[in-house]
Structures are given as C-alpha cells and as structure tokens.
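As stored in entry27.csv (CSV, C-alpha atoms and all ligand atoms):
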chain,number,residue,atom,x,y,z
Z,29,MET,CA,144.6,105.6,105.3
Z,30,SER,CA,142.3,106.9,108.0
Z,31,PRO,CA,143.7,109.7,110.2
Z,32,VAL,CA,145.6,108.5,113.2
Z,33,SER,CA,145.3,110.4,116.5
Z,34,LEU,CA,148.5,111.6,118.0
Z,35,HIS,CA,147.7,110.0,121.3
Z,36,ALA,CA,146.9,106.6,119.8
Z,37,HIS,CA,150.1,106.8,117.8
Z,38,LEU,CA,152.1,107.8,120.9
Z,39,ALA,CA,150.5,105.0,123.0
Z,40,ALA,CA,151.7,102.4,120.3
Z,41,LEU,CA,155.3,103.5,120.4
Z,42,PRO,CA,157.8,101.6,122.6
Z,43,PRO,CA,158.5,103.9,125.6
Z,44,ARG,CA,162.3,103.6,125.6
Z,45,PRO,CA,164.0,107.0,126.0
Z,46,LEU,CA,167.0,107.7,123.8
Z,47,ALA,CA,169.1,108.0,127.0
Z,48,ASP,CA,168.6,104.3,127.7
Z,49,ASP,CA,170.9,103.4,124.8
Z,50,VAL,CA,172.9,106.6,124.0
Z,51,ASP,CA,175.4,108.5,126.1
Z,52,LEU,CA,173.7,111.9,125.8
Z,53,ALA,CA,176.7,113.6,127.4
Z,54,ARG,CA,178.5,112.7,124.2
Z,55,VAL,CA,175.9,113.5,121.5
Z,56,GLY,CA,173.8,116.1,123.3
Z,57,ALA,CA,170.5,115.9,125.1
Z,58,TYR,CA,168.4,115.1,122.1
Z,59,ARG,CA,165.0,113.4,121.9
Z,60,GLY,CA,164.2,110.1,120.2
Z,61,TYR,CA,161.1,109.9,118.0
Z,62,ARG,CA,158.7,108.9,120.7
Z,63,GLU,CA,160.0,111.8,122.9
Z,64,VAL,CA,159.4,114.2,120.1
Z,65,ILE,CA,155.9,113.0,119.6
Z,66,ALA,CA,155.3,113.2,123.4
Z,67,GLY,CA,156.6,116.8,123.2
Z,68,LEU,CA,154.2,117.6,120.4
Z,69,ALA,CA,151.3,116.0,122.4
Z,70,ALA,CA,152.2,118.2,125.4
Z,71,LEU,CA,152.2,121.3,123.2
Z,72,ALA,CA,148.9,120.4,121.6
Z,73,ALA,CA,147.3,120.1,125.1
Z,74,GLY,CA,147.5,123.9,125.4
Z,75,PRO,CA,144.6,126.3,124.8
Z,76,GLY,CA,143.8,127.0,121.1
Z,77,ALA,CA,146.2,124.3,119.9
Z,78,SER,CA,145.3,121.2,117.9
Z,79,VAL,CA,147.1,118.5,116.2
Z,80,ARG,CA,145.9,116.5,113.2
Z,81,SER,CA,147.5,113.9,111.0
Z,82,ILE,CA,148.1,115.1,107.4
Z,83,GLY,CA,149.3,112.0,105.8
Z,84,SER,CA,151.9,109.3,106.3
Z,85,SER,CA,155.4,108.5,105.3
Z,86,VAL,CA,156.8,105.9,102.9
Z,87,ARG,CA,156.8,103.4,105.8
Z,88,GLY,CA,153.3,104.4,106.9
Z,89,VAL,CA,154.2,106.5,109.9
Z,90,PRO,CA,151.7,109.3,110.4
Z,91,LEU,CA,152.8,112.9,109.9
Z,92,PHE,CA,151.3,115.5,112.2
Z,93,ALA,CA,150.6,119.2,111.9
Z,94,LEU,CA,150.1,121.4,114.9
Z,95,GLU,CA,147.8,124.4,114.4
Z,96,LEU,CA,147.4,127.3,116.7
Z,97,GLY,CA,145.5,130.6,116.7
Z,98,ALA,CA,142.1,131.6,115.3
Z,99,ALA,CA,140.9,129.4,112.4
Z,100,ASP,CA,139.5,132.5,110.7
Z,101,ALA,CA,142.7,134.6,111.0
Z,102,PRO,CA,143.5,136.5,107.8
Z,103,VAL,CA,147.1,135.4,107.7
Z,104,ALA,CA,149.2,132.4,108.6
Z,105,THR,CA,152.7,131.3,109.2
Z,106,ALA,CA,154.0,127.9,108.1
Z,107,ILE,CA,156.8,126.3,110.0
Z,108,ILE,CA,158.4,123.1,108.9
Z,109,ALA,CA,161.4,121.1,110.1
Z,110,GLY,CA,163.0,117.7,110.0
Z,111,LEU,CA,163.1,117.3,106.2
Z,112,HIS,CA,166.7,116.1,106.5
Z,113,PRO,CA,166.8,113.2,108.9
Z,114,ILE,CA,170.1,113.9,110.7
Z,115,GLU,CA,169.4,117.6,111.4
Z,116,TRP,CA,167.9,117.1,114.8
Z,117,ILE,CA,168.7,120.6,116.0
Z,118,GLY,CA,166.1,122.0,113.5
Z,119,VAL,CA,163.4,119.8,115.1
Z,120,GLU,CA,164.4,120.9,118.6
Z,121,THR,CA,164.3,124.6,117.4
Z,122,ALA,CA,160.8,124.1,115.9
Z,123,LEU,CA,159.6,122.6,119.2
Z,124,ALA,CA,161.2,125.4,121.2
Z,125,LEU,CA,159.5,128.0,118.9
Z,126,LEU,CA,156.1,126.2,119.2
Z,127,ALA,CA,156.5,126.2,123.0
Z,128,ARG,CA,156.8,130.0,122.9
Z,129,LEU,CA,153.8,130.3,120.5
Z,130,CYS,CA,151.6,128.0,122.5
Z,131,ALA,CA,152.4,129.9,125.7
Z,132,ARG,CA,151.2,133.1,124.0
Z,133,PRO,CA,149.1,132.3,120.9
Z,134,PRO,CA,149.3,135.0,118.3
Z,135,GLU,CA,146.3,137.2,117.7
Z,136,GLY,CA,145.0,137.5,114.2
Z,137,ARG,CA,147.4,134.9,112.9
Z,138,ARG,CA,147.2,131.1,112.3
Z,139,ILE,CA,150.3,129.0,112.9
Z,140,VAL,CA,150.6,125.8,111.0
Z,141,ALA,CA,153.6,123.7,112.0
Z,142,ILE,CA,154.9,120.4,110.8
Z,143,PRO,CA,157.9,120.0,113.0
Z,144,LEU,CA,159.1,116.6,111.8
Z,145,VAL,CA,158.5,115.8,108.2
Z,146,ASN,CA,161.0,113.0,107.5
Z,147,VAL,CA,159.8,110.6,110.2
Z,148,ASP,CA,161.3,107.5,108.6
Z,149,GLY,CA,164.7,109.1,108.3
Z,150,TYR,CA,164.5,110.5,111.9
Z,151,GLN,CA,163.8,107.0,113.2
Z,152,ALA,CA,166.6,105.5,111.1
Z,153,VAL,CA,169.1,108.0,112.5
Z,154,GLU,CA,167.8,107.2,116.0
Z,155,ALA,CA,168.4,103.5,115.3
Z,156,ASP,CA,171.9,104.4,114.2
Z,157,LEU,CA,172.6,106.3,117.4
Z,158,ARG,CA,171.1,103.5,119.6
Z,159,ALA,CA,173.3,100.9,117.8
Z,160,GLY,CA,176.4,103.1,118.0
Z,161,ARG,CA,176.6,103.4,114.1
Z,162,ARG,CA,178.2,106.5,112.7
Z,163,ARG,CA,176.2,107.0,109.6
Z,164,PHE,CA,175.2,109.9,107.4
Z,165,ARG,CA,171.7,110.0,106.2
Z,166,ARG,CA,170.1,112.5,103.9
Z,167,GLY,CA,167.0,111.1,102.2
Z,168,ASN,CA,163.7,109.5,103.2
Z,169,ALA,CA,163.1,105.7,103.2
Z,170,ARG,CA,163.4,105.7,99.4
Z,171,GLY,CA,166.6,107.7,99.4
Z,172,VAL,CA,165.0,110.8,98.1
Z,173,ASP,CA,166.1,114.2,99.4
Z,174,LEU,CA,162.9,115.7,100.7
Z,175,ASN,CA,164.2,119.2,100.2
Z,176,ARG,CA,164.6,118.6,96.4
Z,177,ASN,CA,161.1,117.1,95.8
Z,178,TYR,CA,159.0,120.2,95.7
Z,179,PRO,CA,157.4,121.4,92.5
Z,180,THR,CA,159.0,124.8,92.2
Z,181,HIS,CA,162.3,124.7,90.2
Z,182,PHE,CA,162.2,120.9,90.4
Z,183,ARG,CA,164.7,118.9,88.5
Z,184,ALA,CA,164.7,115.1,88.3
Z,185,ALA,CA,168.0,113.5,89.1
Z,186,ALA,CA,168.6,109.8,89.5
Z,187,PRO,CA,170.7,108.6,92.4
Z,188,HIS,CA,174.0,107.2,91.2
Z,189,GLY,CA,177.7,107.3,92.1
Z,190,LEU,CA,178.6,109.9,94.5
Z,191,ARG,CA,175.0,111.0,95.0
Z,192,ALA,CA,174.0,107.5,96.2
Z,193,ALA,CA,177.1,107.3,98.4
Z,194,LEU,CA,175.9,110.5,100.0
Z,195,GLY,CA,172.7,108.9,101.1
Z,196,GLY,CA,170.5,110.6,98.6
Z,197,TRP,CA,172.1,114.1,98.6
Z,198,ASN,CA,170.3,116.2,95.9
Z,199,HIS,CA,168.3,113.2,94.6
Z,200,GLY,CA,164.9,114.9,94.0
Z,201,GLY,CA,162.9,111.8,93.1
Z,202,PRO,CA,161.2,110.9,89.8
Z,203,HIS,CA,158.8,113.7,89.8
Z,204,PRO,CA,157.6,116.6,92.0
Z,205,LEU,CA,155.9,115.5,95.2
Z,206,SER,CA,156.6,111.8,94.3
Z,207,GLU,CA,157.3,111.4,98.1
Z,208,PRO,CA,154.3,111.1,100.4
Z,209,GLU,CA,156.0,113.3,103.0
Z,210,CYS,CA,156.3,116.3,100.7
Z,211,ALA,CA,152.9,115.6,99.1
Z,212,ALA,CA,151.3,115.7,102.6
Z,213,VAL,CA,153.1,119.0,103.5
Z,214,VAL,CA,151.9,120.7,100.3
Z,215,ALA,CA,148.4,119.3,100.6
Z,216,ALA,CA,148.1,120.6,104.2
Z,217,LEU,CA,149.5,124.0,103.3
Z,218,ASP,CA,147.3,124.3,100.2
Z,219,THR,CA,144.2,123.6,102.3
Z,220,VAL,CA,145.2,126.3,104.8
Z,221,SER,CA,145.9,128.7,102.0
Z,222,THR,CA,142.4,128.4,100.6
Z,223,ARG,CA,141.0,130.3,103.6
Z,224,THR,CA,144.1,132.0,105.0
Z,225,ARG,CA,147.0,133.7,103.3
Z,226,ILE,CA,150.3,132.1,104.3
Z,227,ASP,CA,152.4,135.2,104.3
Z,228,HIS,CA,155.3,133.9,106.4
Z,229,ALA,CA,157.1,130.6,106.1
Z,230,LEU,CA,160.1,129.1,107.9
Z,231,SER,CA,162.0,125.9,107.4
Z,232,LEU,CA,164.6,124.7,109.8
Z,233,HIS,CA,167.7,122.8,108.9
Z,234,SER,CA,171.4,122.6,110.0
Z,235,ILE,CA,174.2,123.5,109.7
Z,236,GLY,CA,176.0,126.6,108.7
Z,237,ARG,CA,174.6,129.6,110.8
Z,238,MET,CA,172.8,130.9,107.7
Z,239,ILE,CA,169.5,132.6,107.0
Z,240,LEU,CA,168.7,131.7,103.4
Z,241,THR,CA,166.2,133.4,101.1
Z,242,PRO,CA,164.6,132.2,97.8
Z,243,TRP,CA,165.6,131.3,95.2
Z,244,GLY,CA,167.6,128.1,95.8
Z,245,GLY,CA,167.0,126.7,92.3
Z,246,ARG,CA,167.7,129.9,90.4
Z,247,LEU,CA,170.6,132.3,90.5
Z,248,ARG,CA,168.5,135.3,89.6
Z,249,ARG,CA,166.9,137.3,92.3
Z,250,PRO,CA,163.1,136.9,92.9
Z,251,GLU,CA,160.9,140.0,92.4
Z,252,ALA,CA,160.3,140.1,96.2
Z,253,ALA,CA,164.1,140.1,96.9
Z,254,PRO,CA,164.0,143.3,98.9
Z,255,ARG,CA,161.2,142.1,101.2
Z,256,LEU,CA,162.9,138.7,101.6
Z,257,ALA,CA,166.3,140.2,102.4
Z,258,ALA,CA,164.8,142.6,104.9
Z,259,ALA,CA,163.1,139.7,106.8
Z,260,ALA,CA,166.4,137.7,106.7
Z,261,GLU,CA,168.3,140.7,107.9
Z,262,SER,CA,166.0,141.4,110.9
Z,263,VAL,CA,166.5,137.8,112.0
Z,264,ARG,CA,170.2,137.9,111.4
Z,265,ALA,CA,170.5,141.0,113.6
Z,266,ARG,CA,169.3,138.9,116.5
Z,267,LEU,CA,171.7,136.0,115.8
Z,268,PRO,CA,175.3,136.8,116.3
Z,269,GLY,CA,177.6,134.9,113.9
Z,270,TYR,CA,174.9,134.2,111.4
Z,271,ARG,CA,174.8,135.5,107.8
Z,272,ALA,CA,172.0,136.1,105.4
Z,273,VAL,CA,172.1,135.3,101.7
Z,274,GLN,CA,170.0,134.1,98.8
Z,275,SER,CA,170.2,130.3,98.9
Z,276,SER,CA,171.6,129.8,95.4
Z,277,TRP,CA,174.4,132.2,96.2
Z,278,TRP,CA,175.6,130.6,99.4
Z,279,VAL,CA,177.9,128.0,97.8
Z,280,PRO,CA,178.9,129.1,94.3
Z,281,GLY,CA,177.8,126.5,91.7
Z,282,LEU,CA,175.6,124.6,94.1
Z,283,ARG,CA,171.9,125.3,93.4
Z,284,GLY,CA,169.1,123.3,95.1
Z,285,HIS,CA,166.3,122.3,92.7
Z,286,GLY,CA,162.9,121.6,94.2
Z,287,MET,CA,163.5,123.2,97.6
Z,288,GLU,CA,160.7,123.8,100.1
Z,289,LEU,CA,162.1,127.4,100.3
Z,290,ASP,CA,161.4,128.2,96.7
Z,291,HIS,CA,158.0,126.5,96.8
Z,292,LEU,CA,156.8,128.3,99.9
Z,293,HIS,CA,157.6,131.6,98.2
Z,294,ALA,CA,156.3,130.7,94.8
Z,295,ALA,CA,153.1,128.9,95.8
Z,296,TYR,CA,151.9,131.2,98.5
Z,297,ASP,CA,154.0,134.4,98.0
Z,298,ALA,CA,155.2,133.9,101.5
Z,299,THR,CA,158.2,135.7,102.9
Z,300,ALA,CA,160.1,132.4,103.3
Z,301,LEU,CA,163.3,131.8,105.2
Z,302,LEU,CA,165.4,128.7,105.5
Z,303,VAL,CA,167.6,128.7,108.6
Z,304,GLU,CA,170.7,126.5,108.8
Z,305,CYS,CA,170.8,126.3,112.5
Z,306,THR,CA,174.1,126.4,114.4
Z,307,GLY,CA,177.6,125.5,113.4
Z,308,GLY,CA,177.1,121.8,114.4
Z,309,GLY,CA,179.0,119.9,117.1
Z,310,ALA,CA,182.2,118.8,115.4
Z,311,THR,CA,185.3,120.2,117.1
Z,312,LEU,CA,189.0,119.7,116.9
Z,313,ARG,CA,189.1,119.7,120.7
Z,314,GLU,CA,187.2,116.4,120.5
Z,315,PRO,CA,188.7,114.4,117.6
Z,316,ARG,CA,186.0,111.7,117.9
Z,317,SER,CA,183.3,114.3,116.9
Z,318,LEU,CA,185.0,114.8,113.6
Z,319,VAL,CA,184.1,111.3,112.4
Z,320,HIS,CA,180.6,111.3,113.9
Z,321,PRO,CA,178.1,112.5,111.2
Z,322,PHE,CA,175.4,113.2,113.9
Z,323,ARG,CA,177.9,115.6,115.5
Z,324,TRP,CA,178.6,117.4,112.3
Z,325,PHE,CA,174.9,118.6,112.2
Z,326,ASN,CA,174.0,118.9,115.8
Z,327,PRO,CA,175.6,120.9,118.7
Z,328,PRO,CA,176.1,119.0,122.0
Z,329,ASP,CA,173.9,121.6,123.8
Z,330,PRO,CA,170.7,121.6,121.9
Z,331,ALA,CA,168.5,123.3,124.5
Z,332,ARG,CA,170.6,126.4,124.6
Z,333,HIS,CA,170.8,126.7,120.8
Z,334,ALA,CA,167.1,125.9,120.3
Z,335,GLU,CA,166.2,128.6,122.8
Z,336,GLN,CA,168.5,131.2,121.2
Z,337,LEU,CA,167.1,130.4,117.8
Z,338,ALA,CA,163.5,130.3,118.9
Z,339,GLY,CA,163.9,133.8,120.6
Z,340,ALA,CA,165.4,135.2,117.4
Z,341,LEU,CA,162.8,133.7,115.1
Z,342,GLU,CA,159.7,134.3,117.2
Z,343,PRO,CA,159.1,137.9,115.9
Z,344,PHE,CA,159.4,136.6,112.3
Z,345,VAL,CA,156.9,133.8,112.8
Z,346,ARG,CA,154.5,136.2,114.6
Z,347,GLY,CA,154.6,138.3,111.5
Z,348,GLN,CA,156.2,141.3,113.3
K,401,ZN,ZN,168.9,120.3,105.7
What does the file become when written as structure tokens?
Amino acid sequence: MSPVSLHAHLAALPPRPLADDVDLARVGAYRGYREVIAGLAALAAGPGASVRSIGSSVRGVPLFALELGAADAPVATAIIAGLHPIEWIGVETALALLARLCARPPEGRRIVAIPLVNVDGYQAVEADLRAGRRRFRRGNARGVDLNRNYPTHFRAAAPHGLRAALGGWNHGGPHPLSEPECAAVVAALDTVSTRTRIDHALSLHSIGRMILTPWGGRLRRPEAAPRLAAAAESVRARLPGYRAVQSSWWVPGLRGHGMELDHLHAAYDATALLVECTGGGATLREPRSLVHPFRWFNPPDPARHAEQLAGALEPFVRGQ
C-alpha cells in the first residue's frame, strides 16, 4: 500500500468528538481516534518534527510514526504506546511526552515515536464507549495480543477457552510478527537502527503503577540488569507510589512471551522500560466503575496523570 499522509487520513475521518456520544465526566476527558490523530498532526507541525506512515493495520488503517531531532544524531529513543486497545492513558501519556519533546527538541538525539499501534483495537474500544457497551478488549482485529507477537522469547499459543474469553489475552499469534502492526513497528525501528543506535526505549501501558524491565519472557536476569534497574529506579524516584521490577517477576508464574520490552532490549541493546501507567479508575466509592472495563485501565483525570508521567519520563527519553 502506498504511504498515506497524516493530513489526508485526518481529513477522511468523520469529525465527531468522543464527547458527542460519551459522558466524559464519567469516563474521563479522553480522546477518540480522530482526536488523537489531530493531536499528532498538531505535534508534527512543530519545528524539526515529521510524521510518516510506517504501515497499516489488519483493517488497513495507517500507522504513523512521529520523528523528532537531527536525522544524523548518533543515538535515538523509541517510544511506543497503544499496543493494548483499552489502555488509553498510555496513549495520552505518549502524547503528553511528545508535546514536551516537540516544545524543546533534544540535541544529539533522535526521537522515534509510534504513539498508537493498535489502531483497530482503539477504534473498537471507542465504538464500545460511544454505544455504551462495557467490554474488555485486549487484542488486535484478529484477536492477537500485540504485546506477545514480537520475535524475542516468542511462544505461539492458540486462543481457546479462557484466553479467547479474555479477548486475546496472551495469544501471541501463529508466528512472530504475524500481525501487520508489530511488523510495521519493527521494520520502522530496524530502519532507524541502521543509521542511529536506539539506546533508550519506552513502551506505555496500564495499569499497575509499575516500571518493568526486561525480561518478560524469561525469569533469569539479563546481562544488562544493573543498567536496566538503574534506569527504572531513576524513573521510579520521580513517581510516588510506583514500583520497579523485572517484568517476569511482577506476578509470580506469569511470564509474557514475545513482549515488545524484551525485543527492544534484545534487538537494539536499548535500555528498555515498560511503564504500567496509573492505578486505573475503578473505585469502591463509585460501584459502577467496578464493572466498567474502560475504567479498570484508565483514570478519570487523564490530563493530570499524563502530565505527571510525562514529567517523570522526560529525562529518561532524553537519555539523561
Ligand atoms: Zn498493556
């Protein structure tokens, strides 16, 4: 497929804000897909920033990467978000982080950001919200968990039983990079890495107030464990209430095979972190929120959390 410009894509989307159909006082002031793309377009209009399409989803929706900073910089940071469709606070945090980076582009460092990877899933969640459906979604349009489809420590697992009921939880797909969204991310980062060393990488998810380090697919510590732990600890020190741990040790017995976190570290030797943003938005004070999957993963005040997280993560993505 030929590359699609962000502006052409934006112009073709129906301009109906999420607030037209959803009581944002109840779920939080989040943005629908078109509003996210408009936000990306606004960021890309800044000096030194550019956006290009890097591929497309199962349903043919273009995926966009925003790049910032000198093209001949010796090092780069990769930022990705929105692998899991219901974790909207991660996307908001990525956009808040990019706003800071665009306002003051880093010197001597390239930023490559793909702030919304699971575009089909995001739009499905948006349709759920607009229709008033309370539905949990985890996979892409084919039900594959995009954070289990990367080559490093990949393990094929067919969706069945409980896994299918959980909307694709841990279903890694038939083979590594079987999903066009993950293949596009890896191809884009591989291209960057041929000329620039990706030495820092960040992936944004929710929930749990955790800063996770590789490996997710192995219990053993990676060789670079001290470097990874030091980076996680410096971020954690700026985020009260957060903890830092190796991903596979977070929940005993629950390893993640084929995670982006492991691949970003293994493929590029990047100091890679996965942040599980916030504690979500389900609260006993509001019983309705306990049966609303969107609320489990997303706090009702996204701007405040996204700003706090962006401020805490900014030094890391700047390589400081
Ligand atoms: Zn996630």
Counting all atoms listed in the file, the residue among Z:Arg161, Z:His228, Z:Arg176, Z:His285 that lies closest to ligand ZN 401 (chain K) is Z:Arg176
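Interatomic distance, atom CA of Z:Thr222 to atom CA of Z:Ala109: 22.5 Å.
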Nearest residue to ligand ZN 401 (chain K) from the set Z:Gly67, Z:Gly284, Z:Pro102, Z:Gly347 (distances using all atoms listed in the file) = Z:Gly284
Atom CA of Z:Gly200 and atom CA of Z:Asn177 are how many Å apart?
->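 Atom CA of Z:Gly200 sits 4.7 Å away from atom CA of Z:Asn177.
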Report as a list in words which protein, DNA and RNA residues come within 7 Å of ligand ZN 401 (chain K), using all atoms listed in the file.
->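 Counting all atoms listed in the file, the residues within 7 Å of ligand ZN 401 (chain K) come out as Leu111, His112, Glu115, His233 and Ser234 of chain Z.
Using all atoms listed in the file, the smallest distance between any of Z:Ala98, Z:Leu123, Z:Ala73, Z:Ile107 and Z:Glu335 comes from Z:Leu123.
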Closest to Z:Pro202 among Z:Ser275, Z:Val172, Z:Val50, Z:Ser85, using all atoms listed in the file?
->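 Looking at the shortest contact to Z:Pro202, the residue is Z:Val172.
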Shell of 9 Å around stretch 41-43 of chain Z, all atoms listed in the file, local chain residues under 4 positions omitted, as a list in words = Ala36, His37, Tyr61, Arg62 and Glu63 of chain Z
Kindly provide the residues of stretch 49-159 of chain Z that approach stretch 163-167 of chain Z to within 7 Å, each paired with its closest atom pair and their distance in Å to one decimal, based on only C-alpha atoms, listed by chain and increasing number, as JSON lines.
{"residue": "Z:His112", "atom": "CA", "partner": "Z:Arg166", "partner_atom": "CA", "distance": 5.6}
{"residue": "Z:Pro113", "atom": "CA", "partner": "Z:Arg166", "partner_atom": "CA", "distance": 6.0}
{"residue": "Z:Ile114", "atom": "CA", "partner": "Z:Arg165", "partner_atom": "CA", "distance": 6.2}
{"residue": "Z:Gly149", "atom": "CA", "partner": "Z:Gly167", "partner_atom": "CA", "distance": 6.8}
{"residue": "Z:Asp156", "atom": "CA", "partner": "Z:Arg163", "partner_atom": "CA", "distance": 6.8}
Can you check which parts of stretch 103-193 of chain Z lie within 12 Å of stretch 246-252 of chain Z? Per residue, the shortest pair of atoms and distance in Å to one decimal, counting all atoms listed in the file, sorted by chain and number, as a tab-separated table.
residue	atom	partner	partner_atom	distance
Z:Thr180	CA	Z:Arg246	CA	10.2
Z:His181	CA	Z:Arg246	CA	7.5
Z:Phe182	CA	Z:Arg246	CA	10.5
Z:Arg183	CA	Z:Arg246	CA	11.6
Tell me which protein, DNA and RNA residues are within 9 Å of Z:Ile82, counting all atoms listed in the file, leaving out same-chain ones fewer than 4 positions away, and put them as a list of chain:residue names.
->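 Contacts, with the query itself left out: Z:Pro31, Z:Pro90, Z:Leu91, Z:Phe92, Z:Ala93, Z:Ala212, Z:Val213, Z:Ala215, Z:Ala216.
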Just give me the residues with any atom within 9 Å of (160.9, 109.8, 115.2), file coordinates, counting all atoms listed in the file, written as a list in words.
->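 All residues meeting the 9 Å criterion around (160.9, 109.8, 115.2) are Arg59, Gly60, Tyr61, Arg62, Glu63, Val64, Ile65, Leu144, Asn146, Val147, Asp148, Gly149, Tyr150, Gln151, Ala152, Val153 and Glu154 of chain Z.
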Show which residues sit within 10 Å of stretch 127-137 of chain Z, as JSON, numbers by chain. Count all atoms listed in the file, and ignore same-chain residues fewer than 4 positions away.
-> {"Z": [67, 68, 70, 71, 72, 73, 74, 75, 76, 77, 95, 96, 97, 98, 99, 100, 101, 102, 103, 104, 105, 121, 122, 123, 224, 225, 226, 227, 335, 338, 339, 342, 345, 346, 347]}
How many Å separate atom CA of Z:Gly118 from atom CA of Z:Arg223?
->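 Interatomic distance, atom CA of Z:Gly118 to atom CA of Z:Arg223: 28.2 Å.
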Could you give me, as a PyMOL selection string, the residues within 9 Å of Z:Asp290, counting all atoms listed in the file and dropping anything in the same chain fewer than 5 positions from it?
-> chain Z and resi 178-181+241-245+285+295+300
Residue nearest Z:Pro268 among Z:Leu337, Z:Val86, Z:Leu217, Z:Leu318 (counting only C-alpha atoms) |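 For Z:Pro268, the nearest of the given residues is Z:Leu337.
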In terms of the shortest atom-to-atom distance over all atoms listed in the file, which of Z:Asp173, Z:Ala185, Z:Ala57, Z:Leu232 is closest to Z:Ile142?
->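 Closest candidate: Z:Leu232.
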